[in-house]
Structures are given as C-alpha cells and as structure tokens.
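What follows is the content of input.csv, which has CSV, C-alpha atoms:
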```
chain,number,residue,atom,x,y,z
Q,1,MET,CA,20.8,43.7,37.0
Q,2,ILE,CA,18.4,40.9,36.3
Q,3,LYS,CA,15.1,41.4,38.2
Q,4,THR,CA,12.9,38.8,36.7
Q,5,ILE,CA,13.4,35.3,35.1
Q,6,VAL,CA,10.5,33.6,33.3
Q,7,PHE,CA,10.8,29.8,33.2
Q,8,LEU,CA,9.2,28.4,30.1
Q,9,THR,CA,7.8,25.0,31.1
Q,10,PRO,CA,8.8,23.0,34.2
Q,11,HIS,CA,10.4,20.2,32.1
Q,12,TYR,CA,14.2,20.0,32.7
Q,13,LEU,CA,13.9,22.8,35.2
Q,14,ASN,CA,12.9,20.0,37.6
Q,15,PHE,CA,16.6,18.9,37.7
Q,16,ALA,CA,17.6,22.2,39.3
Q,17,SER,CA,18.9,22.0,42.8
Q,18,GLU,CA,17.0,23.7,45.6
Q,19,LYS,CA,20.1,25.7,46.4
Q,20,ALA,CA,20.2,27.2,42.9
Q,21,LEU,CA,16.5,28.0,42.9
Q,22,GLN,CA,16.8,29.7,46.3
Q,23,THR,CA,19.9,31.6,45.2
Q,24,LEU,CA,18.0,33.0,42.2
Q,25,GLY,CA,14.9,33.6,44.3
Q,26,ARG,CA,16.9,35.8,46.7
Q,27,ASP,CA,18.0,38.1,43.9
Q,28,CYS,CA,15.1,38.2,41.5
Q,29,ARG,CA,11.5,37.3,40.9
Q,30,THR,CA,11.0,33.9,39.2
Q,31,VAL,CA,7.9,33.1,37.2
Q,32,LEU,CA,7.1,29.6,35.9
Q,33,ILE,CA,4.8,29.2,32.9
Q,34,ALA,CA,3.2,25.7,32.9
Q,35,TYR,CA,0.5,23.8,31.1
Q,36,HIS,CA,-2.7,23.3,33.1
Q,37,ALA,CA,-2.2,19.6,33.4
Q,38,ASP,CA,1.5,19.7,34.4
Q,39,VAL,CA,2.2,18.2,37.8
Q,40,LEU,CA,5.0,20.3,39.4
Q,41,PRO,CA,7.6,18.7,41.6
Q,42,PRO,CA,7.7,20.1,45.2
Q,43,VAL,CA,11.1,21.7,44.6
Q,44,LEU,CA,9.5,24.0,42.0
Q,45,GLU,CA,6.3,24.6,44.0
Q,46,ARG,CA,8.4,25.8,46.9
Q,47,ASN,CA,10.9,27.9,45.1
Q,48,VAL,CA,9.3,30.0,42.4
Q,49,SER,CA,7.6,33.3,43.0
Q,50,GLN,CA,4.6,32.6,40.8
Q,51,VAL,CA,3.2,29.8,38.6
Q,52,VAL,CA,1.1,30.8,35.7
Q,53,ARG,CA,-1.0,28.1,34.0
Q,54,VAL,CA,-1.7,28.4,30.3
Q,55,ASP,CA,-3.3,26.4,27.5
Q,56,ALA,CA,-1.3,24.2,25.1
Q,57,ASP,CA,-1.4,22.6,21.7
Q,58,LEU,CA,-1.3,18.8,22.1
Q,59,GLN,CA,-0.8,17.9,18.4
Q,60,ARG,CA,2.4,19.7,17.5
Q,61,ASN,CA,5.0,17.8,19.4
Q,62,ILE,CA,5.6,15.0,21.9
Q,63,ARG,CA,4.9,17.4,24.9
Q,64,PRO,CA,2.1,19.9,25.1
Q,65,LEU,CA,3.3,23.1,23.4
Q,66,LEU,CA,2.5,26.2,25.4
Q,67,ASP,CA,0.2,28.7,23.9
Q,68,HIS,CA,2.2,31.5,22.3
Q,69,ASP,CA,-0.3,34.3,22.9
Q,70,GLN,CA,-0.8,33.5,26.5
Q,71,CYS,CA,3.0,33.2,27.1
Q,72,ARG,CA,3.4,36.6,25.4
Q,73,ASP,CA,0.8,38.1,27.8
Q,74,VAL,CA,2.9,36.8,30.8
Q,75,ILE,CA,6.1,38.3,29.4
Q,76,SER,CA,4.3,41.6,28.7
Q,77,ASP,CA,2.9,41.8,32.3
Q,78,GLU,CA,6.4,41.0,33.8
Q,79,LEU,CA,8.1,43.6,31.5
Q,80,ARG,CA,5.5,46.2,32.6
Q,81,ALA,CA,6.3,45.5,36.2
Q,82,VAL,CA,10.0,46.4,35.6
Q,83,GLN,CA,9.0,49.6,33.8
Q,84,GLY,CA,9.8,48.1,30.4
Q,85,ASN,CA,13.5,47.6,31.2
Q,86,THR,CA,14.3,44.8,28.8
Q,87,SER,CA,17.8,44.3,30.3
Q,88,SER,CA,16.3,43.3,33.6
Q,89,LEU,CA,14.2,40.3,32.3
Q,90,ARG,CA,15.3,37.0,30.9
Q,91,ILE,CA,13.5,33.9,29.6
Q,92,PHE,CA,14.9,30.5,30.6
Q,93,CYS,CA,14.1,27.3,28.7
Q,94,GLN,CA,16.0,24.0,28.4
Q,95,GLU,CA,13.2,21.9,27.0
Q,96,GLU,CA,13.6,20.9,23.4
Q,97,CYS,CA,10.0,21.5,22.2
Q,98,HIS,CA,10.0,25.1,23.6
Q,99,VAL,CA,13.4,26.6,22.7
Q,100,GLU,CA,11.9,28.0,19.5
Q,101,LEU,CA,9.0,29.6,21.4
Q,102,ALA,CA,11.5,31.1,23.9
Q,103,ALA,CA,13.5,32.6,21.0
Q,104,GLN,CA,10.4,34.0,19.4
Q,105,LEU,CA,9.3,35.7,22.6
Q,106,ARG,CA,12.8,37.2,23.2
Q,107,GLU,CA,12.8,38.8,19.7
Q,108,GLU,CA,9.2,40.1,20.1
Q,109,PHE,CA,10.2,41.9,23.3
Q,110,GLY,CA,13.9,42.7,22.5
Q,111,LEU,CA,15.2,40.5,25.3
Q,112,GLU,CA,18.7,39.0,25.5
Q,113,GLY,CA,19.3,35.3,24.7
Q,114,ASP,CA,19.3,32.9,21.8
Q,115,THR,CA,17.7,34.3,18.7
Q,116,GLN,CA,15.4,32.4,16.3
Q,117,ALA,CA,18.3,32.2,13.8
Q,118,ILE,CA,20.5,30.5,16.3
Q,119,VAL,CA,17.8,28.2,17.6
Q,120,ALA,CA,16.6,27.1,14.1
Q,121,ASN,CA,19.9,25.5,13.4
Q,122,PHE,CA,19.6,23.4,16.5
Q,123,ARG,CA,15.9,22.5,16.1
Q,124,ASP,CA,15.7,21.7,12.4
Q,125,LYS,CA,17.8,18.7,11.5
Q,126,VAL,CA,18.0,19.7,7.9
Q,127,LEU,CA,19.2,23.2,8.6
Q,128,MET,CA,21.7,21.9,11.2
Q,129,LYS,CA,23.2,19.4,8.7
Q,130,HIS,CA,23.5,22.1,6.1
Q,131,ALA,CA,25.2,24.5,8.6
Q,132,VAL,CA,27.8,22.1,9.9
Q,133,SER,CA,28.6,20.5,6.5
Q,134,GLN,CA,29.4,23.9,5.1
Q,135,LYS,CA,32.3,23.9,7.6
Q,136,GLY,CA,33.6,20.6,6.3
Q,137,ILE,CA,32.1,18.5,9.1
Q,138,ARG,CA,31.1,14.9,8.0
Q,139,ILE,CA,27.4,14.3,8.0
Q,140,PRO,CA,25.2,11.4,6.8
Q,141,GLU,CA,23.8,11.8,3.3
Q,142,PHE,CA,20.1,12.8,3.5
Q,143,VAL,CA,17.1,14.3,1.8
Q,144,PRO,CA,14.0,16.0,3.1
Q,145,LEU,CA,11.0,13.7,2.9
Q,146,ASP,CA,8.7,14.4,-0.1
Q,147,HIS,CA,5.2,13.9,1.4
Q,148,VAL,CA,3.6,14.1,-2.0
Q,149,ARG,CA,5.7,11.4,-3.5
Q,150,LEU,CA,5.4,9.3,-0.3
Q,151,SER,CA,1.6,9.4,-0.6
Q,152,ALA,CA,1.2,9.2,-4.4
Q,153,GLU,CA,4.0,6.9,-5.7
Q,154,PRO,CA,5.5,5.0,-2.8
Q,155,GLN,CA,7.2,2.2,-4.8
Q,156,ALA,CA,9.0,4.6,-7.2
Q,157,TYR,CA,9.9,6.8,-4.3
Q,158,TYR,CA,11.3,3.9,-2.3
Q,159,ALA,CA,13.4,2.8,-5.3
Q,160,GLU,CA,14.8,6.4,-5.7
Q,161,LEU,CA,15.7,6.7,-2.0
Q,162,THR,CA,17.5,3.4,-1.8
Q,163,THR,CA,19.4,4.1,-5.0
Q,164,ARG,CA,20.6,7.4,-3.5
Q,165,LEU,CA,21.0,6.5,0.2
Q,166,GLY,CA,21.3,2.7,0.2
Q,167,LEU,CA,19.8,0.4,2.9
Q,168,PRO,CA,19.0,0.6,5.7
Q,169,LEU,CA,17.2,4.0,5.5
Q,170,VAL,CA,16.5,6.2,8.6
Q,171,LEU,CA,13.3,8.2,8.5
Q,172,LYS,CA,12.7,10.7,11.3
Q,173,PRO,CA,11.0,14.1,12.1
Q,174,VAL,CA,13.3,17.1,11.6
Q,175,ASN,CA,12.2,18.8,14.8
Q,176,ALA,CA,10.8,16.3,17.3
Q,177,ALA,CA,12.8,14.7,20.2
Q,178,GLY,CA,13.6,11.4,21.9
Q,179,SER,CA,13.4,9.3,18.8
Q,180,PHE,CA,9.7,9.9,18.5
Q,181,GLU,CA,8.3,8.5,15.2
Q,182,VAL,CA,11.8,7.4,14.0
Q,183,SER,CA,11.9,4.3,11.7
Q,184,ILE,CA,14.9,2.2,10.6
Q,185,ILE,CA,13.9,0.8,7.1
Q,186,ARG,CA,15.6,-2.3,5.9
Q,187,ASN,CA,13.2,-3.3,3.1
Q,188,GLU,CA,10.2,-2.2,1.2
Q,189,ALA,CA,7.7,-3.8,3.7
Q,190,GLU,CA,9.3,-1.7,6.5
Q,191,PHE,CA,9.2,1.4,4.2
Q,192,ASN,CA,5.4,0.9,3.7
Q,193,LYS,CA,4.9,0.5,7.5
Q,194,ALA,CA,6.8,3.8,8.1
Q,195,ARG,CA,4.8,5.4,5.3
Q,196,GLU,CA,1.6,4.4,7.1
Q,197,GLN,CA,2.9,5.9,10.4
Q,198,VAL,CA,3.7,9.2,8.7
Q,199,LEU,CA,0.4,9.5,6.9
Q,200,ALA,CA,-1.6,8.6,10.0
Q,201,SER,CA,0.4,10.8,12.5
Q,202,PRO,CA,-1.7,13.4,14.4
Q,203,TYR,CA,1.5,15.5,14.7
Q,204,HIS,CA,2.5,18.2,12.2
Q,205,PHE,CA,6.1,17.1,11.5
Q,206,ASP,CA,8.3,17.5,8.5
Q,207,TYR,CA,10.6,14.5,8.0
Q,208,GLU,CA,14.0,13.6,6.6
Q,209,VAL,CA,15.4,10.4,5.2
Q,210,ASP,CA,19.1,9.7,6.1
Q,211,GLU,CA,21.8,7.3,5.2
Q,212,PHE,CA,22.3,4.7,7.9
Q,213,ILE,CA,25.7,5.0,9.7
Q,214,ASP,CA,27.1,1.7,11.0
Q,215,GLY,CA,29.0,2.8,14.1
Q,216,ASP,CA,29.2,3.3,17.8
Q,217,MET,CA,27.3,6.2,19.2
Q,218,PHE,CA,28.6,8.9,21.6
Q,219,GLN,CA,27.4,12.1,23.1
Q,220,CYS,CA,29.2,15.3,24.1
Q,221,ASP,CA,27.3,17.4,26.7
Q,222,SER,CA,28.8,20.9,26.9
Q,223,PHE,CA,28.5,24.0,29.0
Q,224,VAL,CA,29.6,27.1,27.0
Q,225,VAL,CA,30.3,30.6,28.2
Q,226,ASP,CA,31.2,33.4,25.8
Q,227,GLY,CA,31.9,30.8,23.1
Q,228,GLN,CA,34.4,28.8,25.3
Q,229,ILE,CA,33.5,25.3,26.4
Q,230,ARG,CA,33.9,25.2,30.2
Q,231,TYR,CA,32.8,21.6,30.5
Q,232,CYS,CA,32.4,18.7,28.1
Q,233,GLY,CA,31.2,15.3,29.3
Q,234,VAL,CA,32.0,12.7,26.6
Q,235,LEU,CA,30.0,9.6,26.9
Q,236,GLU,CA,29.6,6.3,25.0
Q,237,LEU,CA,26.1,5.0,24.6
Q,238,GLY,CA,25.2,1.4,24.9
Q,239,CYS,CA,22.6,1.8,22.1
Q,240,THR,CA,20.8,4.4,20.1
Q,241,ASN,CA,17.6,6.2,21.2
Q,242,PHE,CA,15.8,4.2,18.5
Q,243,ASP,CA,17.1,0.9,20.1
Q,244,PHE,CA,15.8,2.1,23.4
Q,245,VAL,CA,12.3,2.6,22.0
Q,246,GLN,CA,12.5,-0.9,20.7
Q,247,GLY,CA,13.3,-2.3,24.1
Q,248,LYS,CA,17.0,-2.0,24.9
Q,249,PRO,CA,18.4,-0.2,28.0
Q,250,LEU,CA,19.9,3.1,27.0
Q,251,SER,CA,23.2,3.2,29.1
Q,252,VAL,CA,26.1,5.7,29.2
Q,253,ILE,CA,29.7,5.4,30.3
Q,254,PRO,CA,32.5,7.9,30.2
Q,255,VAL,CA,34.9,7.5,27.3
Q,256,ALA,CA,38.1,6.2,28.9
Q,257,ASP,CA,40.4,6.1,25.8
Q,258,PRO,CA,42.3,9.5,25.8
Q,259,ALA,CA,42.9,9.5,22.0
Q,260,LEU,CA,39.2,8.9,21.3
Q,261,ARG,CA,38.1,11.4,23.9
Q,262,ALA,CA,40.4,14.1,22.4
Q,263,THR,CA,39.0,13.3,18.9
Q,264,LEU,CA,35.4,13.7,20.0
Q,265,GLU,CA,36.1,16.9,22.0
Q,266,ALA,CA,37.8,18.5,19.0
Q,267,PHE,CA,34.9,17.4,16.7
Q,268,ASN,CA,32.4,18.8,19.3
Q,269,ARG,CA,34.3,22.2,19.4
Q,270,ASP,CA,34.1,22.4,15.6
Q,271,VAL,CA,30.4,21.7,15.5
Q,272,ILE,CA,29.6,24.3,18.3
Q,273,ALA,CA,31.8,26.9,16.5
Q,274,ALA,CA,30.1,26.1,13.1
Q,275,LEU,CA,26.7,26.9,14.6
Q,276,ASN,CA,28.0,30.1,16.4
Q,277,PHE,CA,26.7,29.0,19.8
Q,278,ARG,CA,27.9,31.4,22.5
Q,279,ASN,CA,26.2,30.7,25.8
Q,280,GLY,CA,24.4,27.8,27.4
Q,281,SER,CA,24.4,24.0,27.0
Q,282,THR,CA,24.5,21.8,24.0
Q,283,HIS,CA,23.7,18.1,23.7
Q,284,HIS,CA,25.6,16.6,20.7
Q,285,GLU,CA,25.2,13.1,19.4
Q,286,VAL,CA,27.8,11.6,17.1
Q,287,PHE,CA,28.6,8.3,15.5
Q,288,VAL,CA,32.2,6.9,15.1
Q,289,ASP,CA,32.0,5.1,11.7
Q,290,ARG,CA,32.8,1.4,12.4
Q,291,LYS,CA,34.8,0.8,9.2
Q,292,ARG,CA,36.5,4.2,8.7
Q,293,GLY,CA,37.0,5.1,12.4
Q,294,TYR,CA,36.1,8.8,12.1
Q,295,PRO,CA,33.3,10.8,13.7
Q,296,VAL,CA,30.1,11.5,11.7
Q,297,PHE,CA,27.7,14.2,12.9
Q,298,LEU,CA,24.2,13.0,13.9
Q,299,GLU,CA,22.5,16.0,15.6
Q,300,ILE,CA,22.9,18.6,18.3
Q,301,ALA,CA,20.5,20.4,20.6
Q,302,ALA,CA,20.8,23.9,22.2
Q,303,ARG,CA,20.0,22.5,25.7
Q,304,VAL,CA,21.1,20.2,28.4
Q,305,PRO,CA,20.8,16.4,27.8
Q,306,GLY,CA,17.4,14.8,28.5
Q,307,GLY,CA,16.5,11.7,30.4
Q,308,ILE,CA,19.4,10.5,32.6
Q,309,GLY,CA,21.8,13.2,31.3
Q,310,VAL,CA,21.6,16.0,34.0
Q,311,PRO,CA,21.6,13.6,37.0
Q,312,TYR,CA,24.4,11.5,35.4
Q,313,HIS,CA,26.8,14.4,35.0
Q,314,GLU,CA,26.0,15.6,38.6
Q,315,LYS,CA,26.9,12.1,39.9
Q,316,ASN,CA,29.9,11.5,37.8
Q,317,SER,CA,31.4,15.1,37.4
Q,318,ASP,CA,29.9,17.2,40.2
Q,319,ILE,CA,28.2,19.6,37.8
Q,320,ASN,CA,24.5,20.2,37.6
Q,321,LEU,CA,24.0,21.6,34.1
Q,322,ILE,CA,20.6,23.1,34.9
Q,323,ASP,CA,22.1,25.0,37.9
Q,324,ALA,CA,25.0,26.2,35.7
Q,325,ASN,CA,22.6,27.5,33.1
Q,326,LEU,CA,20.5,29.2,35.7
Q,327,TYR,CA,23.5,31.0,37.1
Q,328,LEU,CA,24.6,32.0,33.6
Q,329,VAL,CA,21.2,33.4,32.6
Q,330,ALA,CA,20.9,35.3,36.0
Q,331,GLY,CA,24.4,36.6,35.9
Q,332,ALA,CA,24.9,35.1,39.3
Q,333,ALA,CA,28.2,35.1,41.1
Q,334,ALA,CA,27.6,31.5,41.9
Q,335,LEU,CA,28.6,30.7,38.3
Q,336,ASP,CA,32.2,30.9,39.6
Q,337,ASP,CA,31.5,28.0,42.0
Q,338,ILE,CA,30.7,25.6,39.1
Q,339,LYS,CA,33.9,23.4,39.1
Q,340,PRO,CA,33.5,20.0,37.4
Q,341,ASN,CA,35.3,17.0,38.9
Q,342,GLU,CA,35.1,13.9,36.7
Q,343,LYS,CA,35.3,10.6,38.7
Q,344,ASN,CA,34.4,8.3,35.8
Q,345,ASN,CA,33.1,5.6,38.2
Q,346,VAL,CA,29.4,5.8,37.2
Q,347,VAL,CA,27.2,4.2,34.6
Q,348,SER,CA,23.5,5.1,34.2
Q,349,ALA,CA,20.8,3.6,32.1
Q,350,LEU,CA,17.2,4.4,31.1
Q,351,LEU,CA,15.3,1.1,31.5
Q,352,PRO,CA,13.0,0.4,28.5
Q,353,LEU,CA,9.4,-0.5,28.2
Q,354,ARG,CA,7.5,-2.6,25.7
Q,355,LYS,CA,3.8,-2.3,25.0
Q,356,GLY,CA,1.7,-4.3,27.5
Q,357,ARG,CA,1.1,-4.8,31.2
Q,358,ILE,CA,3.9,-4.9,33.7
Q,359,SER,CA,4.0,-8.4,35.4
Q,360,GLN,CA,7.1,-8.0,37.6
Q,361,LEU,CA,10.2,-5.8,38.1
Q,362,ASN,CA,13.5,-7.6,37.4
Q,363,GLU,CA,16.9,-6.9,39.0
Q,364,PRO,CA,19.9,-6.5,36.6
Q,365,PRO,CA,22.5,-9.2,36.3
Q,366,ILE,CA,25.5,-7.0,37.2
Q,367,SER,CA,28.4,-7.0,39.7
Q,368,SER,CA,28.6,-3.3,40.6
Q,369,ALA,CA,26.7,-1.6,43.4
Q,370,TYR,CA,23.5,-0.1,42.0
Q,371,ASP,CA,20.2,1.6,42.7
Q,372,ILE,CA,17.0,1.8,40.6
Q,373,ASP,CA,14.5,4.6,40.5
Q,374,TRP,CA,11.5,2.7,39.2
Q,375,ARG,CA,8.8,4.7,37.3
Q,376,VAL,CA,6.5,1.7,36.9
Q,377,ALA,CA,4.8,-0.9,39.1
Q,378,PRO,CA,3.3,-4.4,38.5
Q,379,GLY,CA,-0.1,-4.1,36.9
Q,380,MET,CA,0.5,-0.9,35.0
Q,381,VAL,CA,-0.3,-0.8,31.3
Q,382,VAL,CA,2.5,0.8,29.3
Q,383,ASP,CA,3.8,1.6,25.8
Q,384,SER,CA,7.1,2.8,24.3
Q,385,ARG,CA,7.0,5.6,21.8
Q,386,SER,CA,10.0,7.9,22.8
Q,387,LEU,CA,12.6,8.5,25.5
Q,388,ALA,CA,9.9,10.0,27.7
Q,389,ASP,CA,8.5,6.4,28.1
Q,390,THR,CA,10.7,4.6,30.6
Q,391,ALA,CA,10.5,1.9,33.3
Q,392,GLY,CA,13.1,3.6,35.5
Q,393,ILE,CA,16.6,4.8,35.9
Q,394,LEU,CA,19.5,2.4,36.8
Q,395,THR,CA,22.7,3.8,38.3
Q,396,LEU,CA,25.9,1.7,38.8
Q,397,TYR,CA,28.9,2.6,40.9
Q,398,ASN,CA,32.3,0.9,40.7
Q,399,ALA,CA,35.9,2.2,41.2
Q,400,ASP,CA,37.2,-0.7,39.1
Q,401,PRO,CA,36.9,0.5,35.5
Q,402,GLN,CA,37.1,-3.1,34.1
Q,403,VAL,CA,34.1,-4.3,36.1
Q,404,LEU,CA,32.2,-1.1,35.4
Q,405,ARG,CA,32.8,-1.7,31.7
Q,406,ALA,CA,31.8,-5.3,31.9
Q,407,ASP,CA,28.5,-4.3,33.5
Q,408,PHE,CA,27.9,-1.6,30.9
Q,409,GLU,CA,28.3,-4.2,28.2
Q,410,ALA,CA,26.1,-6.6,30.0
Q,411,LEU,CA,23.3,-4.1,29.8
```
Is it possible to give me this structure as structure tokens?
Amino acid sequence: MIKTIVFLTPHYLNFASEKALQTLGRDCRTVLIAYHADVLPPVLERNVSQVVRVDADLQRNIRPLLDHDQCRDVISDELRAVQGNTSSLRIFCQEECHVELAAQLREEFGLEGDTQAIVANFRDKVLMKHAVSQKGIRIPEFVPLDHVRLSAEPQAYYAELTTRLGLPLVLKPVNAAGSFEVSIIRNEAEFNKAREQVLASPYHFDYEVDEFIDGDMFQCDSFVVDGQIRYCGVLELGCTNFDFVQGKPLSVIPVADPALRATLEAFNRDVIAALNFRNGSTHHEVFVDRKRGYPVFLEIAARVPGGIGVPYHEKNSDINLIDANLYLVAGAAALDDIKPNEKNNVVSALLPLRKGRISQLNEPPISSAYDIDWRVAPGMVVDSRSLADTAGILTLYNADPQVLRADFEAL
C-alpha cells in the first residue's frame, strides 16, 4: 500500500483537481518539494500534507532546478518515517525539467517508477531520435552541435551543415523545453545570430542541428497503463512552438479526418513502444510532411502536455491527465473512473507576447463563443522567450465543426 507520495515541484501539479488531491490525501501522506520563490496555488496549499522549500539552480534550465541533495534529504526523511519500506513511497513528477531528477532519486532509494535509462530517451533529443530511428521510424536528419567548431570556424562549419542538412536549419537545445533558445536559420547572417545566442547563453545546454521539415504539426497526448494506451488525444496545431515565441497564437483543434487520425495514432503507438514506455503520460509532437504526406517524428516527452494541454483535454474529452497520473501512481481505485469522452467542439490557444509594454488587450475576430484567461494587463513590460511567456489562454466553443475550423484558421 502506498503511504507517502512526494511531489517534485508544483509545476503541472497545479492542474490537478481538488477532488483528486483530496482522494490521495485521505489515503496517504502527500509532500510537495518547491523552490523558495515558488508561489503555490490555493488548491495545493489546501491539499498537501506538507510543503518543503529547497534551494534551486537558476542557470541549468528555463525553470529553477531543485537542489538534488536537499531533495534527497526529504526523500530520506519520508522513507525513514515508513520504516524504510520502499514499496510504500512514490515520487510524482510531470514537469519536464525535473523528470531526470525524479528518476535519479528513485534509483538512489530503490523506488518504483521511471528509471534514468527510460527518462534519458525522453529528455535528450539526440538519444530519442537514435532510439526511435532504430525501429524504422522516420526522423529529421540531424547532428549534435559541435561547440568547438561553432566558436572557432563558424563559416566553414555553416557550409558543412548546410551541405549536409540543407536550408533552413533548426538549432535547439537537446534537453530544454517550450522552444527555449530555438533558432530557425535561413542564411549565414541568421546562423551568426544563433551562434552569438549560444555562446552568450547563461544556460548549460547541449544543442543539436536538424533538417527543417516542411509540414503541418500535430501532437498526440497519451495516457498509458501497463504499456497499453488508454487515451490518445490527437490534435492539430495552428503553428509550431517556435512560431509562438515569434508572436503567433499557438492553437489546437482535434483531428477530424478519420484516416489521418488513425495514421497518427498508429505512429504514436510505434514511438511509445520503441521507447519501452509502460506507465504514465506522453506528449508526442510530429510533423506530416507536406510533400510526401507521411508522419515524421519531432520529439516526445514522458509527461503530460504543458501550457493549454491538460485543461484542453479536460474540456474536450473529460479527462484530467494529471488526475489520471496521480491515481495511477497512488494505485487508487479512482483510476477506474477515468473514462474519456471526446466532444471535439473546443479549440484552445496560447496567446503570444512580443517584447515591450502592453498597451491594450484585444478581442479575437472569431464567430464562436469564447472566453479569455488573461495573464497580462495594460502597462506591463513583457518579453517572449518560451512557451512559459504568454499573454493568456483563449478557449473557443462551437458545435458546428465548420465554424470552429474557420475560427481555428483565423487565429
């Protein structure tokens, strides 16, 4: 029986329902490890047994990375409280920058859950591409970025990369999130600009350089139990994460075409099987090549979708993916109550920012009923660096699929 669940960071956990947190709280002790500066939503303040504040490294990723040693001390204390019974303690983490730390702590204490070997293939984009390509899954051609050559001989290196990968090039960190420090490179001037960004970055990223795939982008958000996909939400994206950072609304709509949906579901199953993922959620991004018409793997994460993802699936399909994962980790009987019901009458969008001062909040030119959860106000000074920087969340509702589609395209 699970007696204690340790939550690693409040990020993404904030999407949990009060009902799920209360259900867990009745059966076991819940401990949240948070950074000193994290502001906790009331739903977490009310419904966890204890909050432990720890230090964090601010220079290793886009969110503060919790101190490993201090997190280890928390796990050690909690394990001591259950007389060292490792089968009664679990670590829960759905935040991209901390899934590796969660895996490390599990292995250090012999706890059940995703191992470092499993998580590495979901965090490192180079490793994940190697893993899925070995199973015959199409990937963009790519190379790890050579920092020495980038610094010492940029012109020759640019010529070599373009000869091998063509133009445009895509340069991105192998283990960040939210399109942070991603560059689309169309010429040598843009290569030099990206080079300057990499050399000046305060973060300790490795990078990769990818072939540019011309195509429409989709995501498959899955809930997996014992290797079987119990739910897969297949969504079309109005733009890429990179486009969002440049100022376009990042919108999602359910894939309506049954043949395309079946193709993407099968592709998603193959990727999850190739990575030997058994339990939890995955967030899989894929292109459909515009000329050839087939799917091309982009990347996959061993977690729920970020941004609008969890609230979107709850509105459109009656499934809260954080709740589902909480019940799964806790071994709760409430897992049997998770029954998705897709309505396909909802579009959601993250509203973008640019760098500057907010002058006014504009309403969207659409026909559907909608609501906006604004995260900014006139007078605020803002910047756009990743998916974490957003003006707000727009949600559209319409039972007429043609009007809903037209509004999606208008965004």
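One finds CA of Phe267 in chain Q at 8.2 Å from CA of Ile137 in chain Q.
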Give me, as a tab-separated table, each residue of range 284-360 of chain Q that comes within 7 Å of range 242-254 of chain Q, together with its shortest interatomic pair and the distance in Å at one decimal, counting all atoms listed in the file, with rows ordered by chain and rising residue number.
```
residue	atom	partner	partner_atom	distance
Q:Asn344	CA	Q:Pro254	CA	5.9
Q:Val346	CA	Q:Ile253	CA	6.9
Q:Val347	CA	Q:Ile253	CA	5.1
Q:Ser348	CA	Q:Ser251	CA	5.5
Q:Ala349	CA	Q:Ser251	CA	3.9
Q:Leu350	CA	Q:Leu250	CA	5.1
Q:Leu351	CA	Q:Pro249	CA	4.9
Q:Pro352	CA	Q:Gly247	CA	5.2
Q:Leu353	CA	Q:Gly247	CA	5.9
Q:Arg354	CA	Q:Gly247	CA	6.0
```
Distance query range 22-24 of chain Q at most 10 Å, all atoms listed in the file, self and fewer than 3 positions along chain excluded, as number ranges by chain = Q: 2-5, 17-19, 27-30, 43, 46-48, 323, 326-327, 330-334
Just the residues within 9 Å of Lys125 in chain Q, please, counting only C-alpha atoms, with nothing from its chain fewer than 3 positions along; format it as a list in words.
-> Ala120, Asn121, Phe122, Met128, Lys129, His130, Pro173, Val174, Asn175, Glu208, Leu298, Glu299 and Ile300 of chain Q
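With distances taken over all atoms listed in the file, Q:Val234 is the one residue among Q:Leu66, Q:Val234, Q:Leu275, Q:Met217 lying closest to Pro258 in chain Q.
Coordinates place CA of Arg385 in chain Q at a distance of 22.5 Å from CA of Pro144 in chain Q.
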With only C-alpha atoms as the atoms that count, which of Q:Leu167, Q:Ala20, Q:Leu13, Q:Ile319 lies nearest to Ala34 in chain Q?
-> Q:Leu13
Using only C-alpha atoms, give me every residue within 6 Å of (15.0, 29.1, 30.2) in file coordinates, as a count of residues only.
-> 6
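Across the structure, CA of Ser317 in chain Q and CA of Glu95 in chain Q are spaced 22.0 Å apart.
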Please check which residues have atoms at most 8 Å from (4.1, 29.7, 25.7) in the file's coordinates, counting all atoms listed in the file, and write them as JSON, numbers by chain.
-> {"Q": [8, 33, 54, 56, 65, 66, 67, 68, 69, 70, 71, 72, 98, 101, 102]}
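Comparing Q:His36, Q:His204, Q:Arg164, Q:Arg138 by their smallest distance to Ile62 in chain Q, the closest is Q:His204 (using all atoms listed in the file).
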